[in-house]
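Visitor: Next comes coords.cif, mmCIF, C-alpha atoms:
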```
data_upload
#
loop_
_atom_site.group_PDB
_atom_site.id
_atom_site.type_symbol
_atom_site.label_atom_id
_atom_site.label_comp_id
_atom_site.auth_asym_id
_atom_site.auth_seq_id
_atom_site.Cartn_x
_atom_site.Cartn_y
_atom_site.Cartn_z
ATOM 1 C CA MET A 101 42.490 23.726 -2.354
ATOM 2 C CA HIS A 102 44.631 20.584 -2.351
ATOM 3 C CA THR A 103 42.771 17.360 -1.603
ATOM 4 C CA THR A 104 44.452 14.222 -0.305
ATOM 5 C CA PRO A 105 42.761 10.925 -1.279
ATOM 6 C CA ILE A 106 42.841 8.339 1.513
ATOM 7 C CA GLN A 107 41.189 5.020 2.359
ATOM 8 C CA PHE A 108 39.840 3.362 5.467
ATOM 9 C CA ARG A 109 38.775 -0.213 6.135
ATOM 10 C CA SER A 110 35.257 -1.004 7.307
ATOM 11 C CA HIS A 111 34.531 -3.271 10.251
ATOM 12 C CA ASP A 112 34.167 -6.159 7.776
ATOM 13 C CA ASP A 113 37.160 -5.157 5.615
ATOM 14 C CA LEU A 114 35.525 -3.165 2.824
ATOM 15 C CA SER A 115 37.508 -0.317 1.291
ATOM 16 C CA LEU A 116 36.076 3.100 2.207
ATOM 17 C CA VAL A 117 37.301 5.943 0.008
ATOM 18 C CA ALA A 118 37.738 9.432 1.453
ATOM 19 C CA ASP A 119 39.049 12.930 0.700
ATOM 20 C CA ARG A 120 40.989 15.037 3.188
ATOM 21 C CA TRP A 121 41.668 18.775 3.311
ATOM 22 C CA GLY A 122 43.511 21.019 5.718
ATOM 23 C CA PRO A 123 46.603 20.998 7.931
ATOM 24 C CA ASP A 124 47.860 17.717 9.351
ATOM 25 C CA ASP A 125 47.939 19.199 12.857
ATOM 26 C CA GLY A 126 44.429 20.680 12.728
ATOM 27 C CA PRO A 127 41.512 19.425 14.843
ATOM 28 C CA ASP A 128 39.808 16.576 13.017
ATOM 29 C CA VAL A 129 36.347 16.977 11.484
ATOM 30 C CA LEU A 130 34.661 13.901 10.008
ATOM 31 C CA LEU A 131 31.987 14.553 7.353
ATOM 32 C CA LEU A 132 29.438 11.769 6.777
ATOM 33 C CA HIS A 133 26.966 12.077 3.908
ATOM 34 C CA GLY A 134 23.339 11.016 3.690
ATOM 35 C CA GLY A 135 21.870 7.940 2.025
ATOM 36 C CA GLY A 136 22.355 7.946 -1.732
ATOM 37 C CA GLN A 137 24.972 10.726 -1.585
ATOM 38 C CA SER A 138 28.770 10.633 -1.639
ATOM 39 C CA ARG A 139 31.742 12.471 -0.157
ATOM 40 C CA HIS A 140 31.511 15.017 -2.988
ATOM 41 C CA ALA A 141 28.433 16.528 -1.337
ATOM 42 C CA TRP A 142 30.837 18.050 1.215
ATOM 43 C CA LYS A 143 33.362 19.659 -1.173
ATOM 44 C CA ASN A 144 32.545 23.309 -0.462
ATOM 45 C CA THR A 145 32.039 22.784 3.258
ATOM 46 C CA GLY A 146 35.246 20.773 3.505
ATOM 47 C CA GLU A 147 37.301 23.448 1.801
ATOM 48 C CA VAL A 148 35.874 26.243 3.983
ATOM 49 C CA LEU A 149 36.480 24.333 7.223
ATOM 50 C CA ALA A 150 39.991 23.414 6.101
ATOM 51 C CA ALA A 151 40.741 27.093 5.415
ATOM 52 C CA LYS A 152 39.733 27.768 9.031
ATOM 53 C CA GLY A 153 42.393 25.359 10.268
ATOM 54 C CA PHE A 154 40.511 22.072 10.600
ATOM 55 C CA ARG A 155 41.738 18.762 9.181
ATOM 56 C CA VAL A 156 38.618 17.652 7.339
ATOM 57 C CA THR A 157 37.841 14.117 6.163
ATOM 58 C CA ALA A 158 34.830 13.277 3.965
ATOM 59 C CA VAL A 159 34.132 9.570 3.551
ATOM 60 C CA ASP A 160 32.119 7.572 1.037
ATOM 61 C CA SER A 161 30.059 5.208 3.191
ATOM 62 C CA ARG A 162 29.835 1.517 2.339
ATOM 63 C CA GLY A 163 27.888 0.932 -0.859
ATOM 64 C CA HIS A 164 28.160 4.606 -1.855
ATOM 65 C CA GLY A 165 30.366 6.633 -4.162
ATOM 66 C CA ASP A 166 33.702 4.942 -4.781
ATOM 67 C CA SER A 167 33.658 2.762 -1.665
ATOM 68 C CA ASP A 168 33.137 -0.993 -1.855
ATOM 69 C CA TRP A 169 29.683 -2.484 -2.056
ATOM 70 C CA SER A 170 28.914 -5.096 0.564
ATOM 71 C CA PRO A 171 28.867 -8.503 -1.198
ATOM 72 C CA THR A 172 26.338 -9.741 1.358
ATOM 73 C CA GLY A 173 24.162 -6.619 1.308
ATOM 74 C CA ARG A 174 25.046 -5.510 4.833
ATOM 75 C CA TYR A 175 23.513 -2.042 5.006
ATOM 76 C CA ASP A 176 21.966 -1.979 8.440
ATOM 77 C CA MET A 177 22.567 1.300 10.281
ATOM 78 C CA GLN A 178 24.542 -0.711 12.819
ATOM 79 C CA ASP A 179 27.001 -1.617 10.042
ATOM 80 C CA PHE A 180 27.457 2.042 9.147
ATOM 81 C CA GLY A 181 27.945 2.804 12.834
ATOM 82 C CA ARG A 182 30.608 0.135 13.273
ATOM 83 C CA ASP A 183 32.435 1.526 10.238
ATOM 84 C CA ILE A 184 32.524 4.916 11.959
ATOM 85 C CA VAL A 185 34.134 3.342 15.022
ATOM 86 C CA GLU A 186 36.877 1.923 12.774
ATOM 87 C CA ILE A 187 37.437 5.274 11.052
ATOM 88 C CA VAL A 188 37.633 7.228 14.308
ATOM 89 C CA ALA A 189 40.143 4.710 15.682
ATOM 90 C CA THR A 190 42.652 5.871 13.051
ATOM 91 C CA MET A 191 42.510 9.509 14.219
ATOM 92 C CA PRO A 192 44.829 10.900 16.907
ATOM 93 C CA GLU A 193 42.007 12.516 18.886
ATOM 94 C CA PRO A 194 38.193 12.217 18.830
ATOM 95 C CA PRO A 195 36.968 14.240 15.844
ATOM 96 C CA ALA A 196 34.009 16.512 15.524
ATOM 97 C CA VAL A 197 31.497 14.645 13.373
ATOM 98 C CA VAL A 198 29.069 16.274 10.948
ATOM 99 C CA GLY A 199 26.466 13.734 9.870
ATOM 100 C CA ALA A 200 23.759 14.396 7.303
ATOM 101 C CA SER A 201 20.672 12.205 7.619
ATOM 102 C CA MET A 202 22.104 8.658 7.428
ATOM 103 C CA GLY A 203 25.482 9.982 8.556
ATOM 104 C CA GLY A 204 23.949 11.508 11.669
ATOM 105 C CA MET A 205 21.889 8.419 12.439
ATOM 106 C CA SER A 206 24.859 6.095 12.196
ATOM 107 C CA SER A 207 27.007 8.454 14.289
ATOM 108 C CA LEU A 208 24.568 8.292 17.190
ATOM 109 C CA LEU A 209 24.316 4.519 16.874
ATOM 110 C CA ALA A 210 28.116 4.278 16.844
ATOM 111 C CA GLN A 211 28.316 6.192 20.113
ATOM 112 C CA ARG A 212 25.591 4.000 21.580
ATOM 113 C CA PHE A 213 27.619 0.813 21.393
ATOM 114 C CA ALA A 214 31.112 2.323 21.725
ATOM 115 C CA HIS A 215 32.874 1.883 25.072
ATOM 116 C CA HIS A 216 34.487 5.328 24.945
ATOM 117 C CA GLN A 217 33.735 8.807 23.646
ATOM 118 C CA LEU A 218 34.058 8.748 19.874
ATOM 119 C CA PHE A 219 33.494 12.427 19.125
ATOM 120 C CA ALA A 220 34.621 15.804 20.412
ATOM 121 C CA SER A 221 31.296 17.238 19.222
ATOM 122 C CA VAL A 222 28.371 16.205 17.017
ATOM 123 C CA VAL A 223 26.497 18.075 14.286
ATOM 124 C CA LEU A 224 23.255 16.442 13.154
ATOM 125 C CA VAL A 225 22.171 17.703 9.741
ATOM 126 C CA ASP A 226 18.395 17.497 9.366
ATOM 127 C CA VAL A 227 18.095 14.279 11.314
ATOM 128 C CA THR A 228 16.794 13.466 14.771
ATOM 129 C CA PRO A 229 16.107 10.145 16.494
ATOM 130 C CA ARG A 230 12.383 10.438 15.815
ATOM 131 C CA MET A 231 11.524 11.602 12.305
ATOM 132 C CA ASN A 232 8.487 12.282 10.159
ATOM 133 C CA LEU A 233 7.752 8.880 8.633
ATOM 134 C CA ASP A 234 6.108 10.400 5.557
ATOM 135 C CA GLY A 235 9.359 12.219 4.843
ATOM 136 C CA VAL A 236 11.388 9.036 5.275
ATOM 137 C CA ALA A 237 9.024 7.167 2.941
ATOM 138 C CA ARG A 238 9.311 9.950 0.339
ATOM 139 C CA ILE A 239 13.098 9.629 0.328
ATOM 140 C CA MET A 240 12.967 5.859 -0.066
ATOM 141 C CA LYS A 241 10.387 6.180 -2.848
ATOM 142 C CA PHE A 242 12.669 8.555 -4.760
ATOM 143 C CA MET A 243 15.705 6.319 -4.312
ATOM 144 C CA SER A 244 13.850 3.255 -5.610
ATOM 145 C CA ALA A 245 11.990 5.026 -8.453
ATOM 146 C CA HIS A 246 14.542 4.498 -11.224
ATOM 147 C CA PRO A 247 15.912 0.956 -10.980
ATOM 148 C CA ASP A 248 16.950 1.009 -14.657
ATOM 149 C CA GLY A 249 18.731 4.349 -14.387
ATOM 150 C CA PHE A 250 18.394 7.328 -16.726
ATOM 151 C CA ALA A 251 18.864 7.764 -20.457
ATOM 152 C CA ASP A 252 21.113 10.784 -19.885
ATOM 153 C CA LEU A 253 22.169 13.265 -17.209
ATOM 154 C CA ASP A 254 19.410 15.724 -18.131
ATOM 155 C CA GLU A 255 16.772 13.099 -17.371
ATOM 156 C CA ALA A 256 18.397 12.531 -13.983
ATOM 157 C CA ALA A 257 18.486 16.277 -13.331
ATOM 158 C CA THR A 258 14.764 16.502 -14.068
ATOM 159 C CA ALA A 259 14.046 13.708 -11.576
ATOM 160 C CA ILE A 260 16.129 15.431 -8.901
ATOM 161 C CA ALA A 261 14.387 18.740 -9.576
ATOM 162 C CA GLY A 262 11.049 17.017 -9.029
ATOM 163 C CA TYR A 263 12.228 15.813 -5.630
ATOM 164 C CA ASN A 264 13.615 19.258 -4.696
ATOM 165 C CA PRO A 265 11.125 21.701 -6.282
ATOM 166 C CA HIS A 266 12.247 24.544 -3.997
ATOM 167 C CA ARG A 267 15.810 24.418 -5.392
ATOM 168 C CA ASP A 268 16.725 26.015 -8.729
ATOM 169 C CA LYS A 269 17.651 23.455 -11.373
ATOM 170 C CA PRO A 270 21.356 23.816 -12.263
ATOM 171 C CA ARG A 271 22.199 25.200 -15.692
ATOM 172 C CA SER A 272 24.440 22.224 -16.408
ATOM 173 C CA SER A 273 23.905 18.558 -15.543
ATOM 174 C CA ALA A 274 27.613 17.714 -15.828
ATOM 175 C CA GLY A 275 28.112 17.782 -12.052
ATOM 176 C CA LEU A 276 25.839 14.755 -11.728
ATOM 177 C CA GLU A 277 28.665 12.541 -12.955
ATOM 178 C CA ARG A 278 29.843 12.540 -9.339
ATOM 179 C CA VAL A 279 26.662 10.824 -8.150
ATOM 180 C CA LEU A 280 25.896 8.766 -11.267
ATOM 181 C CA ARG A 281 27.944 6.264 -13.285
ATOM 182 C CA GLN A 282 27.393 5.254 -16.911
ATOM 183 C CA SER A 283 26.712 1.568 -17.505
ATOM 184 C CA ASN A 284 27.842 -0.465 -20.494
ATOM 185 C CA ASN A 285 24.385 0.006 -22.022
ATOM 186 C CA GLY A 286 24.851 3.786 -21.957
ATOM 187 C CA ARG A 287 22.336 4.469 -19.198
ATOM 188 C CA TRP A 288 23.247 6.359 -16.041
ATOM 189 C CA ALA A 289 22.714 4.727 -12.647
ATOM 190 C CA TRP A 290 23.220 6.062 -9.122
ATOM 191 C CA ARG A 291 26.634 5.495 -7.521
ATOM 192 C CA TRP A 292 25.218 3.385 -4.735
ATOM 193 C CA ASP A 293 24.352 -0.259 -4.320
ATOM 194 C CA PRO A 294 20.648 -0.919 -5.075
ATOM 195 C CA LYS A 295 20.677 -3.377 -2.156
ATOM 196 C CA PHE A 296 20.915 -0.346 0.130
ATOM 197 C CA VAL A 297 17.258 0.323 -0.732
ATOM 198 C CA THR A 298 15.929 -3.170 -1.489
ATOM 199 C CA TRP A 299 17.202 -4.509 1.854
ATOM 200 C CA ARG A 300 15.106 -1.903 3.671
ATOM 201 C CA GLN A 301 12.063 -2.608 1.544
ATOM 202 C CA GLU A 302 12.325 -6.291 2.449
ATOM 203 C CA GLN A 303 12.673 -5.486 6.150
ATOM 204 C CA ASN A 304 9.728 -3.082 6.082
ATOM 205 C CA SER A 305 7.446 -5.575 4.318
ATOM 206 C CA ALA A 306 8.274 -8.385 6.746
ATOM 207 C CA SER A 307 5.216 -7.467 8.844
ATOM 208 C CA PRO A 308 2.254 -5.054 8.568
ATOM 209 C CA THR A 309 3.936 -2.711 11.047
ATOM 210 C CA GLY A 310 7.515 -3.389 9.911
ATOM 211 C CA PHE A 311 8.406 0.163 8.894
ATOM 212 C CA GLN A 312 6.864 1.756 11.996
ATOM 213 C CA ASP A 313 8.447 -0.809 14.307
ATOM 214 C CA ARG A 314 11.918 -0.373 12.791
ATOM 215 C CA MET A 315 11.760 3.412 13.049
ATOM 216 C CA ASP A 316 10.469 3.303 16.637
ATOM 217 C CA ARG A 317 13.253 0.947 17.672
ATOM 218 C CA MET A 318 15.858 3.048 15.913
ATOM 219 C CA ALA A 319 14.556 6.211 17.587
ATOM 220 C CA LEU A 320 15.088 4.667 21.013
ATOM 221 C CA GLU A 321 18.591 3.505 20.077
ATOM 222 C CA MET A 322 19.537 6.875 18.603
ATOM 223 C CA TYR A 323 18.357 8.710 21.722
ATOM 224 C CA GLU A 324 20.498 6.358 23.776
ATOM 225 C CA GLY A 325 23.431 7.302 21.568
ATOM 226 C CA ALA A 326 22.667 11.023 21.871
ATOM 227 C CA ASP A 327 22.437 10.709 25.644
ATOM 228 C CA ALA A 328 25.882 9.059 25.649
ATOM 229 C CA VAL A 329 27.537 11.965 23.807
ATOM 230 C CA GLU A 330 29.490 14.038 26.329
ATOM 231 C CA GLY A 331 30.544 16.812 23.924
ATOM 232 C CA PRO A 332 28.375 19.614 22.522
ATOM 233 C CA ILE A 333 25.655 18.790 19.978
ATOM 234 C CA LEU A 334 24.210 20.965 17.219
ATOM 235 C CA LEU A 335 21.036 20.220 15.262
ATOM 236 C CA VAL A 336 20.903 21.963 11.876
ATOM 237 C CA ARG A 337 17.416 21.763 10.386
ATOM 238 C CA GLY A 338 16.195 22.776 6.945
ATOM 239 C CA GLN A 339 13.214 25.017 7.587
ATOM 240 C CA GLN A 340 11.255 23.331 4.777
ATOM 241 C CA SER A 341 12.293 19.815 5.793
ATOM 242 C CA ASP A 342 9.654 17.113 5.499
ATOM 243 C CA LEU A 343 11.818 14.770 7.577
ATOM 244 C CA VAL A 344 12.452 16.883 10.685
ATOM 245 C CA SER A 345 9.270 18.838 11.363
ATOM 246 C CA GLU A 346 9.098 21.674 13.886
ATOM 247 C CA GLU A 347 7.367 19.295 16.304
ATOM 248 C CA VAL A 348 10.091 16.668 15.926
ATOM 249 C CA ALA A 349 12.782 19.308 16.425
ATOM 250 C CA GLU A 350 11.051 20.537 19.575
ATOM 251 C CA GLU A 351 10.913 16.989 20.949
ATOM 252 C CA PHE A 352 14.660 16.654 20.354
ATOM 253 C CA ARG A 353 15.413 19.970 22.043
ATOM 254 C CA ALA A 354 13.264 19.054 25.036
ATOM 255 C CA ARG A 355 15.067 15.724 25.358
ATOM 256 C CA LEU A 356 18.515 17.346 24.941
ATOM 257 C CA PRO A 357 18.090 20.893 26.304
ATOM 258 C CA ASN A 358 21.811 21.686 26.083
ATOM 259 C CA ALA A 359 21.939 21.018 22.344
ATOM 260 C CA ALA A 360 22.369 24.041 20.064
ATOM 261 C CA TYR A 361 19.888 24.540 17.240
ATOM 262 C CA VAL A 362 19.936 26.309 13.880
ATOM 263 C CA ASP A 363 17.032 26.497 11.417
ATOM 264 C CA ILE A 364 18.200 27.297 7.863
ATOM 265 C CA ARG A 365 15.572 29.415 6.136
ATOM 266 C CA GLY A 366 14.554 28.278 2.673
ATOM 267 C CA ALA A 367 16.352 24.927 2.927
ATOM 268 C CA GLY A 368 14.816 21.474 2.788
ATOM 269 C CA HIS A 369 16.197 18.128 3.877
ATOM 270 C CA MET A 370 19.295 18.573 1.674
ATOM 271 C CA VAL A 371 20.436 21.503 3.792
ATOM 272 C CA ALA A 372 24.059 21.705 2.696
ATOM 273 C CA GLY A 373 23.060 21.654 -0.973
ATOM 274 C CA ASP A 374 20.153 24.070 -0.600
ATOM 275 C CA ASP A 375 22.104 26.847 1.145
ATOM 276 C CA ASN A 376 25.717 25.828 1.533
ATOM 277 C CA ASP A 377 26.923 29.227 2.731
ATOM 278 C CA ALA A 378 24.410 29.479 5.586
ATOM 279 C CA PHE A 379 24.934 25.832 6.507
ATOM 280 C CA THR A 380 28.728 25.992 6.490
ATOM 281 C CA ASN A 381 28.799 29.236 8.472
ATOM 282 C CA ALA A 382 26.567 27.700 11.141
ATOM 283 C CA VAL A 383 28.748 24.595 11.385
ATOM 284 C CA ALA A 384 31.996 26.602 11.410
ATOM 285 C CA ASP A 385 30.721 28.874 14.201
ATOM 286 C CA PHE A 386 29.719 25.854 16.270
ATOM 287 C CA LEU A 387 33.006 24.006 15.717
ATOM 288 C CA ASN A 388 35.061 27.099 16.533
ATOM 289 C CA ALA A 389 33.106 27.654 19.744
ATOM 290 C CA ALA A 390 33.545 23.987 20.690
ATOM 291 C CA ARG A 391 37.275 24.216 19.951
ATOM 292 C CA ILE A 392 37.652 27.282 22.197
ATOM 293 C CA THR A 393 35.712 25.557 24.976
ATOM 294 C CA ASP A 394 37.916 22.440 24.737
ATOM 295 C CA ALA A 395 41.033 24.571 24.881
#
```
What is this file in structure tokens?
Guide:
Amino acid sequence: MHTTPIQFRSHDDLSLVADRWGPDDGPDVLLLHGGGQSRHAWKNTGEVLAAKGFRVTAVDSRGHGDSDWSPTGRYDMQDFGRDIVEIVATMPEPPAVVGASMGGMSSLLAQRFAHHQLFASVVLVDVTPRMNLDGVARIMKFMSAHPDGFADLDEAATAIAGYNPHRDKPRSSAGLERVLRQSNNGRWAWRWDPKFVTWRQEQNSASPTGFQDRMDRMALEMYEGADAVEGPILLVRGQQSDLVSEEVAEEFRARLPNAAYVDIRGAGHMVAGDDNDAFTNAVADFLNAARITDA
């Protein structure tokens, strides 16, 4: 399917690279990846949704993929949220937003401080305002574990397989070139700014309870954002997720009883990558139902 490359500007004038699929007059769907990922994580989902008549836009967030790195290391979730406000402002109507992990967090924060409804509907992909802190710490540990990169793509694939033991290791490592870039010394490094991780480590070590305090504060702010969303909300959880436990999901559903919920069997935190067909079908069904309701 034909892909149109486009760019947005962040709230502080960084270039944000994006891909777009689908008809120009289709309802907008904005796809926002998780921390350490890029817009390429959405390729299959984007093409399927576009074939169903949606105009789909997948964006590389600041410091990720081919988008600009912040020269001042501005990677607070509020910065990601303000970028979303700028992106949505370029669209003719409020889009449906599908946010994985970081993308979902920043979407809720964007709605929290926006003065109008940003989204027609919201899909949260394995993320809720309150999360399992051990799962969050595991993600950050993985992202900071290889500061010098990898000798080759196979070494990177082995590291990823260790983080996702429930997922079959791909036969070829060539696809990792979309999430890694080769340095002048021949080693392969992630396509995201290391300051994205080191900034958080500095914030968390600022006090003995820094990590807990930051996550508690963010949970309150994200719930405020969720409460401000007037359109339908869907939570898609990976059944084996160590970030969104069953207890955390139940808390979310009790707080937002009108939210829809799907649990993808056999998937972990990386739901779209673990079972893309089941994930995309669940999202497409939700977006189609929301579109019919709006009409």
Visitor: Convert the output of the PyMOL selection byres ((chain A and resi 230) around 8) on the shown file into explicit residues, formatted as a ChimeraX atom specification.
Guide: /A:228-229,231-232,315-316,319,348
Visitor: Give me the result of the PyMOL selection byres ((chain A and resi 152) around 12) on this file, residue by residue, as a list in words.
Guide: Trp121, Gly122, Pro123, Gly126, Pro127, Asp128, Val129, Thr145, Gly146, Glu147, Val148, Leu149, Ala150, Ala151, Gly153, Phe154, Arg155, Val156, Thr380, Asn381, Val383, Ala384, Asp385, Leu387, Asn388 and Arg391 of chain A
Visitor: Between A:Ile260, A:Leu116, A:Ala220, A:Leu131, which one has atoms that come closest to Val329 (chain A), using all atoms listed in the file?
Guide: A:Ala220
Visitor: From the options A:Arg300, A:His133, A:Arg317, A:Arg355, which residue's atoms come nearest to Val223 (chain A), counting all atoms listed in the file?
Guide: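 The closest residue to Val223 (chain A) is A:His133.
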Visitor: For Ala251 (chain A), which residue among A:Gly366, A:Pro105, A:Gly199, A:Gly286 is the nearest when counting only C-alpha atoms?
Guide: A:Gly286
Visitor: Please, can region 206-224 of chain A be completed to N, CA, C and O atoms and returned as a compact mmCIF listing (two decimals), in the coordinates of the input?
Guide:
```txt
# COMPACT_ATOMS: atom_id res chain seq x y z
N SER A 206 23.85 7.10 11.91
CA SER A 206 24.86 6.10 12.20
C SER A 206 25.88 6.60 13.21
O SER A 206 26.45 5.80 13.96
N SER A 207 26.10 7.90 13.28
CA SER A 207 27.01 8.45 14.29
C SER A 207 26.46 8.24 15.69
O SER A 207 27.19 7.83 16.61
N LEU A 208 25.17 8.50 15.87
CA LEU A 208 24.57 8.29 17.19
C LEU A 208 24.56 6.81 17.56
O LEU A 208 24.82 6.45 18.72
N LEU A 209 24.29 5.95 16.60
CA LEU A 209 24.32 4.52 16.87
C LEU A 209 25.73 4.05 17.20
O LEU A 209 25.92 3.18 18.07
N ALA A 210 26.73 4.64 16.54
CA ALA A 210 28.12 4.28 16.84
C ALA A 210 28.45 4.62 18.28
O ALA A 210 29.06 3.82 19.01
N GLN A 211 28.03 5.81 18.73
CA GLN A 211 28.32 6.19 20.11
C GLN A 211 27.55 5.32 21.10
O GLN A 211 28.02 5.07 22.21
N ARG A 212 26.40 4.83 20.69
CA ARG A 212 25.59 4.00 21.58
C ARG A 212 26.32 2.73 21.98
O ARG A 212 26.27 2.33 23.14
N PHE A 213 26.99 2.08 21.03
CA PHE A 213 27.62 0.81 21.39
C PHE A 213 29.13 0.92 21.57
O PHE A 213 29.80 -0.08 21.83
N ALA A 214 29.69 2.14 21.46
CA ALA A 214 31.11 2.32 21.72
C ALA A 214 31.35 2.34 23.23
O ALA A 214 30.48 2.74 24.02
N HIS A 215 32.54 1.92 23.65
CA HIS A 215 32.87 1.88 25.07
C HIS A 215 33.65 3.12 25.51
O HIS A 215 34.16 3.17 26.63
N HIS A 216 33.77 4.10 24.63
CA HIS A 216 34.49 5.33 24.94
C HIS A 216 33.87 6.45 24.11
O HIS A 216 33.06 6.20 23.22
N GLN A 217 34.25 7.68 24.40
CA GLN A 217 33.74 8.81 23.65
C GLN A 217 34.38 8.85 22.27
O GLN A 217 35.60 8.96 22.13
N LEU A 218 33.55 8.74 21.24
CA LEU A 218 34.06 8.75 19.87
C LEU A 218 34.32 10.16 19.35
O LEU A 218 35.24 10.37 18.56
N PHE A 219 33.51 11.13 19.77
CA PHE A 219 33.49 12.43 19.12
C PHE A 219 33.75 13.56 20.11
O PHE A 219 33.29 13.53 21.25
N ALA A 220 34.45 14.58 19.62
CA ALA A 220 34.62 15.80 20.41
C ALA A 220 33.32 16.61 20.43
O ALA A 220 32.99 17.27 21.42
N SER A 221 32.59 16.57 19.33
CA SER A 221 31.30 17.24 19.22
C SER A 221 30.54 16.59 18.07
O SER A 221 31.13 15.88 17.24
N VAL A 222 29.23 16.85 18.01
CA VAL A 222 28.37 16.20 17.02
C VAL A 222 27.47 17.25 16.37
O VAL A 222 26.80 18.02 17.08
N VAL A 223 27.44 17.25 15.04
CA VAL A 223 26.50 18.08 14.29
C VAL A 223 25.56 17.14 13.54
O VAL A 223 26.00 16.33 12.71
N LEU A 224 24.28 17.23 13.83
CA LEU A 224 23.26 16.44 13.15
C LEU A 224 22.59 17.31 12.10
O LEU A 224 22.02 18.36 12.41
```
